[in-house]
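This is my_file.txt. It holds compact mmCIF, C-alpha atoms and all ligand atoms.
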```txt
# COMPACT_ATOMS: atom_id res chain seq x y z
CA MET A 1 16.40 -30.26 -5.78
CA ALA A 2 19.85 -28.65 -5.39
CA SER A 3 19.56 -25.49 -3.35
CA ARG A 4 18.80 -22.47 -5.47
CA PRO A 5 21.03 -19.38 -5.31
CA TYR A 6 19.59 -16.15 -3.98
CA ASN A 7 18.60 -14.19 -7.08
CA LEU A 8 19.42 -10.47 -6.93
CA TYR A 9 19.17 -9.77 -10.66
CA ALA A 10 17.53 -6.46 -11.58
CA GLY A 11 15.43 -8.07 -14.31
CA PRO A 12 14.28 -10.49 -15.43
CA ALA A 13 14.23 -11.17 -11.77
CA ILE A 14 13.26 -13.56 -9.04
CA LEU A 15 9.81 -15.14 -9.16
CA PRO A 16 8.07 -16.84 -6.25
CA LEU A 17 9.16 -20.49 -6.20
CA GLU A 18 5.55 -21.54 -5.53
CA VAL A 19 4.50 -19.86 -8.77
CA MET A 20 7.08 -21.71 -10.83
CA GLU A 21 6.18 -24.98 -9.14
CA GLN A 22 2.52 -24.47 -9.94
CA ALA A 23 3.37 -23.60 -13.54
CA ARG A 24 5.43 -26.78 -13.80
CA GLU A 25 2.61 -28.78 -12.28
CA GLU A 26 0.10 -27.42 -14.81
CA LEU A 27 2.42 -27.25 -17.80
CA LEU A 28 1.09 -30.29 -19.66
CA ASP A 29 -2.54 -29.99 -18.60
CA PHE A 30 -3.94 -26.55 -18.14
CA ALA A 31 -7.20 -26.39 -16.16
CA GLY A 32 -8.18 -29.93 -17.09
CA THR A 33 -8.10 -29.24 -20.83
CA GLY A 34 -5.44 -31.86 -21.52
CA LEU A 35 -3.49 -29.15 -23.35
CA SER A 36 -0.65 -26.94 -22.20
CA ILE A 37 -1.29 -23.23 -21.76
CA LEU A 38 1.65 -22.90 -24.18
CA GLU A 39 -0.38 -24.46 -26.99
CA SER A 40 -3.82 -23.08 -26.15
CA SER A 41 -5.70 -20.61 -28.30
CA HIS A 42 -5.94 -17.07 -27.02
CA ARG A 43 -9.64 -17.32 -27.96
CA SER A 44 -10.25 -20.37 -25.77
CA PRO A 45 -12.44 -20.08 -22.65
CA GLY A 46 -9.48 -21.20 -20.50
CA TYR A 47 -7.41 -18.27 -21.66
CA ALA A 48 -10.28 -15.82 -21.27
CA GLU A 49 -10.33 -16.79 -17.59
CA VAL A 50 -6.53 -16.26 -17.32
CA ASN A 51 -6.79 -12.80 -18.88
CA ASP A 52 -9.84 -11.70 -16.87
CA SER A 53 -8.64 -12.95 -13.52
CA ALA A 54 -5.14 -11.43 -13.94
CA ARG A 55 -6.69 -8.09 -14.85
CA GLU A 56 -9.26 -8.13 -12.06
CA ASN A 57 -6.76 -9.32 -9.45
CA LEU A 58 -4.48 -6.46 -10.35
CA ARG A 59 -7.43 -4.08 -10.15
CA ARG A 60 -8.30 -5.32 -6.67
CA LEU A 61 -4.73 -5.42 -5.36
CA LEU A 62 -3.76 -1.94 -6.54
CA GLY A 63 -7.20 -0.43 -6.06
CA VAL A 64 -7.51 0.57 -9.71
CA PRO A 65 -10.77 2.55 -10.13
CA GLU A 66 -13.39 1.35 -12.59
CA ASN A 67 -12.78 4.30 -14.89
CA TYR A 68 -9.32 2.92 -15.74
CA SER A 69 -8.44 0.18 -18.22
CA ILE A 70 -5.75 -2.38 -17.45
CA LEU A 71 -3.91 -3.54 -20.57
CA PHE A 72 -1.42 -6.32 -21.24
CA LEU A 73 0.85 -5.16 -24.06
CA GLN A 74 4.12 -6.18 -25.67
CA GLY A 75 7.27 -4.27 -26.56
CA GLY A 76 8.39 -3.71 -22.98
CA ALA A 77 8.43 -0.50 -21.01
CA SER A 78 10.73 0.76 -23.78
CA LEU A 79 7.91 0.77 -26.31
CA GLN A 80 5.86 2.85 -23.87
CA PHE A 81 8.61 5.50 -23.98
CA GLY A 82 7.55 6.09 -27.59
CA MET A 83 3.90 5.07 -27.54
CA ILE A 84 3.00 7.61 -24.85
CA PRO A 85 4.22 10.68 -26.75
CA MET A 86 2.97 9.21 -30.03
CA ASN A 87 -0.53 9.12 -28.56
CA PHE A 88 -0.54 12.13 -26.27
CA LEU A 89 2.21 14.62 -27.20
CA ARG A 90 1.75 15.09 -30.94
CA GLY A 91 3.55 18.36 -31.48
CA GLY A 92 2.57 19.82 -28.11
CA GLU A 93 4.75 20.03 -25.04
CA ALA A 94 5.20 17.68 -22.10
CA ASP A 95 7.04 17.88 -18.78
CA TYR A 96 9.56 15.19 -17.96
CA VAL A 97 11.48 14.74 -14.72
CA ASN A 98 14.97 13.43 -15.31
CA THR A 99 15.99 11.11 -12.48
CA GLY A 100 18.29 8.72 -14.32
CA ALA A 101 18.92 6.34 -17.15
CA TRP A 102 15.30 5.27 -17.66
CA SER A 103 13.99 8.83 -17.54
CA LYS A 104 16.54 9.79 -20.15
CA LYS A 105 15.41 7.07 -22.51
CA ALA A 106 11.81 8.22 -22.13
CA ILE A 107 12.87 11.84 -22.77
CA LYS A 108 14.74 10.89 -25.92
CA GLU A 109 11.69 9.19 -27.42
CA ALA A 110 9.34 12.02 -26.45
CA GLY A 111 11.59 14.48 -28.28
CA LEU A 112 10.60 12.80 -31.54
CA PHE A 113 6.98 13.81 -31.06
CA GLY A 114 7.04 17.29 -29.54
CA GLU A 115 8.67 19.67 -27.13
CA VAL A 116 10.08 18.24 -23.92
CA ASN A 117 10.45 20.48 -20.88
CA ILE A 118 12.72 19.17 -18.18
CA ALA A 119 10.63 20.02 -15.14
CA GLY A 120 13.25 18.79 -12.70
CA SER A 121 16.49 16.86 -12.79
CA SER A 122 18.93 15.22 -10.41
CA GLU A 123 21.68 14.92 -12.99
CA ASP A 124 23.73 17.54 -11.08
CA ARG A 125 24.50 14.92 -8.45
CA ASN A 126 24.61 11.85 -10.62
CA PHE A 127 20.98 10.94 -10.03
CA CYS A 128 21.37 10.16 -6.33
CA TYR A 129 18.13 11.88 -5.36
CA VAL A 130 14.62 12.74 -6.53
CA PRO A 131 13.89 16.43 -7.18
CA ASP A 132 11.35 17.83 -4.70
CA PRO A 133 7.96 16.97 -6.25
CA ASP A 134 6.54 20.28 -4.97
CA LYS A 135 9.24 22.36 -6.68
CA LEU A 136 9.05 21.10 -10.24
CA GLU A 137 8.89 23.66 -13.00
CA LEU A 138 5.66 22.48 -14.54
CA SER A 139 4.33 24.11 -17.69
CA PRO A 140 0.65 24.99 -17.66
CA ASP A 141 0.24 23.80 -21.26
CA ALA A 142 1.89 20.41 -20.82
CA LYS A 143 -0.04 17.53 -22.33
CA TYR A 144 1.22 15.39 -19.45
CA VAL A 145 3.95 15.09 -16.81
CA HIS A 146 6.19 12.02 -16.97
CA ILE A 147 8.15 10.52 -14.09
CA CYS A 148 10.00 7.29 -13.40
CA SER A 149 8.79 6.38 -9.91
CA ASN A 150 11.71 4.05 -9.14
CA GLU A 151 15.01 4.33 -10.99
CA THR A 152 16.30 0.77 -11.18
CA ILE A 153 19.89 1.74 -11.93
CA GLY A 154 20.36 4.63 -9.49
CA GLY A 155 18.33 3.01 -6.71
CA ILE A 156 16.13 6.03 -5.97
CA ARG A 157 12.38 6.41 -5.73
CA TYR A 158 9.69 9.00 -5.12
CA ASN A 159 8.25 8.98 -1.64
CA ARG A 160 5.68 11.57 -2.64
CA PHE A 161 4.40 12.07 -6.15
CA PRO A 162 3.98 15.41 -7.93
CA ARG A 163 0.51 16.89 -7.88
CA THR A 164 -0.19 18.00 -11.40
CA GLY A 165 -3.78 19.22 -11.15
CA GLU A 166 -5.64 18.69 -14.39
CA VAL A 167 -2.47 17.73 -16.27
CA PRO A 168 -2.22 13.93 -16.56
CA LEU A 169 0.58 12.33 -14.53
CA VAL A 170 2.31 9.42 -16.28
CA ALA A 171 4.65 7.07 -14.43
CA ASP A 172 7.08 4.33 -15.36
CA MET A 173 6.73 1.92 -12.42
CA SER A 174 8.55 -1.00 -14.03
CA SER A 175 10.79 -1.81 -11.09
CA GLU A 176 8.38 -1.24 -8.26
CA ILE A 177 4.80 -1.87 -9.35
CA CYS A 178 2.91 -3.68 -6.57
CA SER A 179 5.72 -3.15 -4.06
CA ARG A 180 3.87 -0.44 -2.13
CA LYS A 181 0.47 1.17 -1.85
CA ILE A 182 -0.20 3.91 -4.38
CA ASP A 183 -3.22 6.03 -5.12
CA VAL A 184 -3.87 5.14 -8.75
CA SER A 185 -6.33 8.00 -9.11
CA GLY A 186 -3.38 10.43 -8.84
CA PHE A 187 -2.12 9.13 -12.20
CA ASP A 188 -3.61 8.95 -15.67
CA LEU A 189 -1.21 6.34 -16.97
CA ILE A 190 1.02 3.84 -15.17
CA TYR A 191 3.17 1.37 -17.06
CA ALA A 192 5.52 -1.40 -16.09
CA GLY A 193 7.42 -4.18 -17.81
CA ALA A 194 6.41 -7.29 -15.87
CA GLN A 195 9.86 -8.79 -15.60
CA LYS A 196 10.99 -6.89 -12.52
CA ASN A 197 8.26 -7.39 -9.97
CA LEU A 198 5.29 -9.11 -11.58
CA GLY A 199 6.30 -11.98 -13.80
CA PRO A 200 8.46 -13.01 -16.75
CA ALA A 201 9.54 -10.84 -19.66
CA GLY A 202 7.14 -10.44 -22.57
CA VAL A 203 4.25 -8.50 -21.13
CA THR A 204 3.93 -4.85 -20.15
CA ILE A 205 1.21 -3.65 -17.83
CA VAL A 206 -0.53 -0.37 -18.72
CA ILE A 207 -3.12 1.22 -16.44
CA ILE A 208 -4.82 4.09 -18.23
CA SER A 209 -7.68 6.43 -17.30
CA ASP A 210 -10.73 6.73 -19.51
CA ARG A 211 -10.15 10.42 -20.02
CA LEU A 212 -6.63 9.86 -21.35
CA LEU A 213 -7.77 6.92 -23.45
CA GLU A 214 -10.46 9.08 -25.04
CA SER A 215 -7.79 11.55 -26.12
CA CYS A 216 -5.96 9.05 -28.35
CA PRO A 217 -5.80 10.46 -31.86
CA ASP A 218 -7.17 8.79 -34.96
CA GLY A 219 -4.76 7.73 -37.64
CA LEU A 220 -2.21 5.80 -35.60
CA THR A 221 -1.15 2.37 -36.67
CA THR A 222 -3.59 -0.03 -35.01
CA MET A 223 -1.18 -1.72 -32.61
CA LEU A 224 0.15 1.58 -31.25
CA ASP A 225 -3.27 3.01 -30.46
CA TYR A 226 -4.17 2.29 -26.82
CA ARG A 227 -7.86 2.13 -27.73
CA THR A 228 -7.31 -1.00 -29.80
CA HIS A 229 -6.15 -2.91 -26.75
CA ALA A 230 -8.72 -1.41 -24.39
CA GLU A 231 -11.61 -2.17 -26.74
CA LYS A 232 -10.46 -5.74 -27.34
CA ASP A 233 -9.50 -6.46 -23.74
CA SER A 234 -5.82 -7.01 -24.59
CA ASN A 235 -6.83 -9.69 -27.05
CA TYR A 236 -6.79 -7.80 -30.36
CA ASN A 237 -3.94 -9.91 -31.66
CA THR A 238 -2.18 -12.85 -30.04
CA PRO A 239 -1.11 -11.73 -26.58
CA PRO A 240 1.88 -13.24 -24.73
CA VAL A 241 -0.36 -15.91 -23.25
CA PHE A 242 2.22 -17.64 -21.09
CA SER A 243 3.63 -14.42 -19.61
CA ILE A 244 0.15 -13.20 -18.70
CA TYR A 245 -0.65 -16.58 -17.17
CA ILE A 246 2.45 -16.30 -14.94
CA VAL A 247 1.57 -12.70 -14.00
CA GLY A 248 -1.82 -14.06 -12.94
CA LEU A 249 -0.16 -16.64 -10.70
CA VAL A 250 2.15 -13.98 -9.20
CA LEU A 251 -0.86 -11.80 -8.42
CA LYS A 252 -2.60 -14.71 -6.68
CA TRP A 253 0.59 -15.30 -4.72
CA LEU A 254 0.66 -11.63 -3.80
CA GLU A 255 -2.90 -11.85 -2.54
CA LYS A 256 -1.93 -14.83 -0.40
CA GLN A 257 0.90 -12.81 1.11
CA GLY A 258 -1.72 -10.38 2.43
CA GLY A 259 -1.85 -7.98 -0.51
CA ILE A 260 0.10 -4.82 -1.16
CA ALA A 261 0.01 -3.43 2.39
CA ALA A 262 1.57 -6.60 3.77
CA ILE A 263 4.17 -6.88 1.03
CA GLU A 264 5.06 -3.21 1.51
CA GLU A 265 5.73 -3.78 5.21
CA ARG A 266 7.92 -6.73 4.37
CA ASN A 267 9.72 -4.76 1.66
CA ASN A 268 10.42 -1.96 4.13
CA ARG A 269 11.83 -4.43 6.67
CA LYS A 270 13.98 -6.10 4.01
CA ALA A 271 15.42 -2.84 2.70
CA ALA A 272 16.04 -1.52 6.22
CA LEU A 273 18.18 -4.55 7.05
CA ILE A 274 20.63 -3.68 4.26
CA TYR A 275 20.48 0.09 4.63
CA ASP A 276 21.07 -0.20 8.40
CA LEU A 277 24.21 -2.18 7.72
CA ILE A 278 25.36 0.34 5.10
CA ASP A 279 24.69 3.27 7.45
CA SER A 280 26.55 1.71 10.36
CA SER A 281 29.58 0.85 8.23
CA ASP A 282 32.48 2.88 6.87
CA PHE A 283 33.17 0.12 4.39
CA TYR A 284 29.91 0.16 2.43
CA ARG A 285 28.60 3.44 1.07
CA GLY A 286 25.06 3.82 -0.20
CA THR A 287 24.86 5.81 -3.43
CA ALA A 288 21.32 7.21 -2.98
CA ASP A 289 20.36 10.00 -0.61
CA PRO A 290 18.76 8.36 2.44
CA GLY A 291 15.39 10.12 1.96
CA ASP A 292 15.00 8.89 -1.61
CA ARG A 293 16.24 5.33 -1.33
CA SER A 294 14.53 2.59 -3.26
CA THR A 295 13.26 -0.43 -1.36
CA MET A 296 13.62 -2.54 -4.51
CA ASN A 297 17.08 -1.73 -5.88
CA ILE A 298 19.74 -1.09 -3.27
CA THR A 299 22.84 0.49 -4.75
CA PHE A 300 26.15 0.75 -2.91
CA ARG A 301 29.87 1.04 -3.31
CA LEU A 302 32.86 -0.50 -1.55
CA PRO A 303 36.14 1.32 -0.87
CA SER A 304 37.66 0.29 -4.24
CA GLU A 305 36.69 -1.28 -7.53
CA GLU A 306 39.00 -4.20 -6.74
CA LEU A 307 37.08 -4.89 -3.55
CA GLU A 308 33.81 -4.57 -5.44
CA ALA A 309 34.93 -7.19 -7.95
CA GLU A 310 35.97 -9.46 -5.09
CA PHE A 311 32.69 -8.86 -3.31
CA ILE A 312 30.64 -9.74 -6.38
CA ALA A 313 32.70 -12.86 -7.10
CA GLY A 314 32.68 -13.91 -3.44
CA GLY A 315 28.96 -13.34 -3.28
CA LYS A 316 28.43 -15.56 -6.27
CA LYS A 317 30.40 -18.35 -4.61
CA ALA A 318 28.35 -17.90 -1.45
CA GLY A 319 25.11 -18.21 -3.44
CA PHE A 320 24.17 -14.58 -4.20
CA ILE A 321 23.68 -14.04 -7.93
CA GLY A 322 23.39 -10.60 -9.53
CA LEU A 323 25.17 -8.25 -7.12
CA LYS A 324 26.92 -6.37 -9.91
CA GLY A 325 25.71 -2.81 -10.43
CA HIS A 326 24.43 -1.74 -13.84
CA ARG A 327 27.28 -1.53 -16.35
CA SER A 328 26.67 2.20 -16.85
CA VAL A 329 27.38 3.09 -13.19
CA GLY A 330 29.41 0.21 -11.77
CA GLY A 331 29.39 -0.59 -8.06
CA CYS A 332 27.03 -3.07 -6.49
CA ARG A 333 23.29 -3.49 -6.49
CA ALA A 334 20.96 -5.81 -4.64
CA SER A 335 17.54 -6.01 -6.28
CA ILE A 336 15.21 -7.35 -3.63
CA TYR A 337 11.83 -7.43 -5.33
CA ASN A 338 8.61 -8.72 -3.74
CA ALA A 339 9.54 -12.36 -4.30
CA PHE A 340 12.97 -12.05 -2.68
CA PRO A 341 12.67 -13.78 0.71
CA GLU A 342 13.37 -12.05 3.99
CA GLU A 343 15.76 -14.82 5.04
CA GLY A 344 17.71 -14.17 1.83
CA VAL A 345 18.21 -10.57 2.90
CA GLN A 346 19.34 -11.72 6.34
CA ALA A 347 21.81 -14.11 4.70
CA LEU A 348 23.08 -11.33 2.43
CA VAL A 349 23.59 -8.96 5.37
CA GLU A 350 25.49 -11.72 7.17
CA PHE A 351 27.69 -12.20 4.09
CA MET A 352 28.29 -8.43 3.85
CA ARG A 353 29.31 -8.28 7.53
CA GLU A 354 31.73 -11.16 7.09
CA PHE A 355 33.20 -9.62 3.94
CA GLU A 356 33.76 -6.33 5.71
CA LYS A 357 35.50 -8.07 8.63
CA LYS A 358 37.83 -9.94 6.32
CA ASN A 359 38.75 -6.80 4.41
C1 LIG B 401 13.80 -2.37 -16.94
C2 LIG B 401 13.20 -1.03 -17.04
C3 LIG B 401 12.74 -0.50 -18.26
C4 LIG B 401 12.91 -1.24 -19.57
O1 LIG B 401 12.03 -2.25 -19.66
P1 LIG B 401 11.94 -3.16 -20.99
O2 LIG B 401 10.76 -4.01 -20.64
O3 LIG B 401 13.21 -3.91 -21.10
O4 LIG B 401 11.69 -2.27 -22.13
C5 LIG B 401 12.16 0.73 -18.25
N1 LIG B 401 12.01 1.44 -17.12
C6 LIG B 401 12.44 0.97 -15.92
C7 LIG B 401 12.27 1.79 -14.70
C8 LIG B 401 13.05 -0.28 -15.85
O5 LIG B 401 13.48 -0.75 -14.67
```

Can you present the structure in this file as C-alpha cells?
Ligand SMILES: *Cc1c(COP(=O)(O)O)cnc(C)c1O
Amino acid sequence: MASRPYNLYAGPAILPLEVMEQAREELLDFAGTGLSILESSHRSPGYAEVNDSARENLRRLLGVPENYSILFLQGGASLQFGMIPMNFLRGGEADYVNTGAWSKKAIKEAGLFGEVNIAGSSEDRNFCYVPDPDKLELSPDAKYVHICSNETIGGIRYNRFPRTGEVPLVADMSSEICSRKIDVSGFDLIYAGAQKNLGPAGVTIVIISDRLLESCPDGLTTMLDYRTHAEKDSNYNTPPVFSIYIVGLVLKWLEKQGGIAAIEERNNRKAALIYDLIDSSDFYRGTADPGDRSTMNITFRLPSEELEAEFIAGGKKAGFIGLKGHRSVGGCRASIYNAFPEEGVQALVEFMREFEKKN
C-alpha cells in the first residue's frame, strides 16, 4: 500500500489503521454470518452484540457508573445543542459558559427554549483561555450548566471542571472524549459526535444520568425524547449500524492501548512535543494560553498569513494533511487525536523545525 499521509484533520478525523483493516477484513462476512454488517438487520443477534459490547466497553473505559445510560444517537453534536434545552430548559433558565464557536452554537439553540445566562466567557480575548471554573457566575435556579470541555477551533480545554452542586453539569466533549480520565459522576450529561476521537461520522454518544433522564418532559416528539433511546437501548429506530460497529472497534483498540490512562499519557507526550517547539521558537506562536491548551487541537500562527499558506501547502507536500486552521479563525491547527501516532508528531515537529530554518 502507498504510504498514507499523516492525517491532522479536525473531523472527521484519523482512525486507527488496525481498525480500518479489521473492518475491511470483515466487510463481506460479519461474525461468520456470511452477510456484511452493512446489510444486517439492526434486530439481528450479531448487531445486538455490536451495540452491547460498544456500550459496555465505553462504560468500562470511561468508568461510567451504572446509574447512567449510554446512548448512540444521530444528528451530531449539533442536534444535542437543541435537544438538551428542549428536554431540560423549557422556559426556565440555564447557565452557559462561552468559550468559543461551539459554545456559541449551543447558546443560540438554548435561547429558543428559555433564558440563557452567560456564566463566564473568554470572548474578551478571542477565546484563548477558559474562564476560571471557580469564578463562574452561576445562577441558583439554573436547570443546568453547559460547557464545551474542549473547543476544537480555539484549541483550549478545561483542566478543572466547574463544581455545580445539585445543578446538573452538561458537557460537549466532542473533540476530546476518551482522550483523558474524567470523573463522569461530576456530570449529568456528556455528549460527543463520534467523528473526532471515537469513530466515523453518523453517531453521537450521549451519557446521561438517571436523575436527568427522569426529568424529561412528556409531550416531546418521540425521537427527541432521551427516554425513547434509553428505554430501547439505542435501537428504537434504525441506528447507524456501521458507525456504531466502528466505534466498537475503536473502543477495543483503545483498550488494547492500555485504556484511557495510557492514552492520556501518550496524548500529553504528543502535545508537549509540539508545544515545546512553539514555546522555544519566535517563529511559531501558540494562540491558546499555556494553562488552558488542548492536547487534541493545537492552534498556532506563523509570522504572516503568506508564511502560513506556504506552511500548509509545504506540509501537504511533505505528507501532513489538514494543517489549516478553521476558516473562521485562520492560522494553523494540528489535530492530534488518540489515533494520531507519536512518530507522526515527531515527524511534524521535524518538519516545523526545518520550515522555520528555511524561513
Ligand atoms: C465538531 C464539533 C461539534 C459539531 O459536531 P457535529 O457532529 O458536526 O454536529 C460540536 N462541538 C464540538 C466541540 C465539535 O468539535

Surroundings of ligand LIG 401 (chain B) up to 10 Å, based on only C-alpha atoms and all ligand atoms, as a PyMOL selection string: chain A and resi 10-12+74-81+100-106+147-153+171-177+191-197+201-205+297

Within 12 Å of Arg125 of chain A, counting all atoms listed in the file, which residues qualify if same-chain residues fewer than 2 places away don't, as a list in words? Asn98, Thr99, Gly100, Ser121, Ser122, Glu123, Phe127, Cys128, Tyr129, Val130, Pro131, Gly154, Thr287, Ala288 and Asp289 of chain A

With distances taken over all atoms listed in the file, which residue among A:Gly155, A:Glu26, A:Tyr236, A:Glu39 lies nearest Thr222 of chain A?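 Among A:Gly155, A:Glu26, A:Tyr236, A:Glu39, it is A:Tyr236 that comes nearest to Thr222 of chain A.
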
Could you tell me which of A:Val184, A:Ala271, A:Ile70, A:Ala318 comes closest to Val206 of chain A if we count all atoms listed in the file?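 Result for the nearest residue to Val206 of chain A: A:Ile70.
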
Please determine, counting only C-alpha atoms, which residue among A:Pro217, A:Gly314, A:Gly92, A:Gly111 has the shortest atom-to-atom distance to Ser139 of chain A. A:Gly92

I'd like to know which of A:Lys357, A:Arg333, A:Lys143, A:Lys256 is closest to Ser215 of chain A, using only C-alpha atoms. A:Lys143

Atom CA of Tyr47 of chain A to atom CA of Lys181 of chain A, distance in Å rounded to a single decimal: 28.9 Å

Tell me, as a ChimeraX atom specification, which residues lie within 10 Å of segment 237-251 of chain A, counting only C-alpha atoms; anything in the same chain fewer than 6 positions away does not count. /A:15-16,18-20,22-23,36-43,47,49-58,61,72-74,178,194-195,197-205,223,228-229,257,259,338-339

Kindly indicate which residue among A:Leu138, A:Ala48, A:Ile182, A:Ile274 lies nearest to Pro168 of chain A, using only C-alpha atoms for the distances.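 For Pro168 of chain A, the nearest of the given residues is A:Leu138.
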
Got a sec: who's within 9 Å of Phe187 of chain A, counting all atoms listed in the file, leaving out chain neighbours fewer than 4 positions off, as an NGL selection string? :A and (168-171 or 183 or 208-209)

Counting all atoms listed in the file, figure out which residue out of A:Ser179, A:Gly120, A:Asp188, A:Tyr68 gets nearest to Gly165 of chain A.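 Residue with the minimum atom-to-atom distance to Gly165 of chain A: A:Asp188.
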
Atom CA of Val167 of chain A and atom CA of Leu89 of chain A are how many Å apart? 12.3 Å
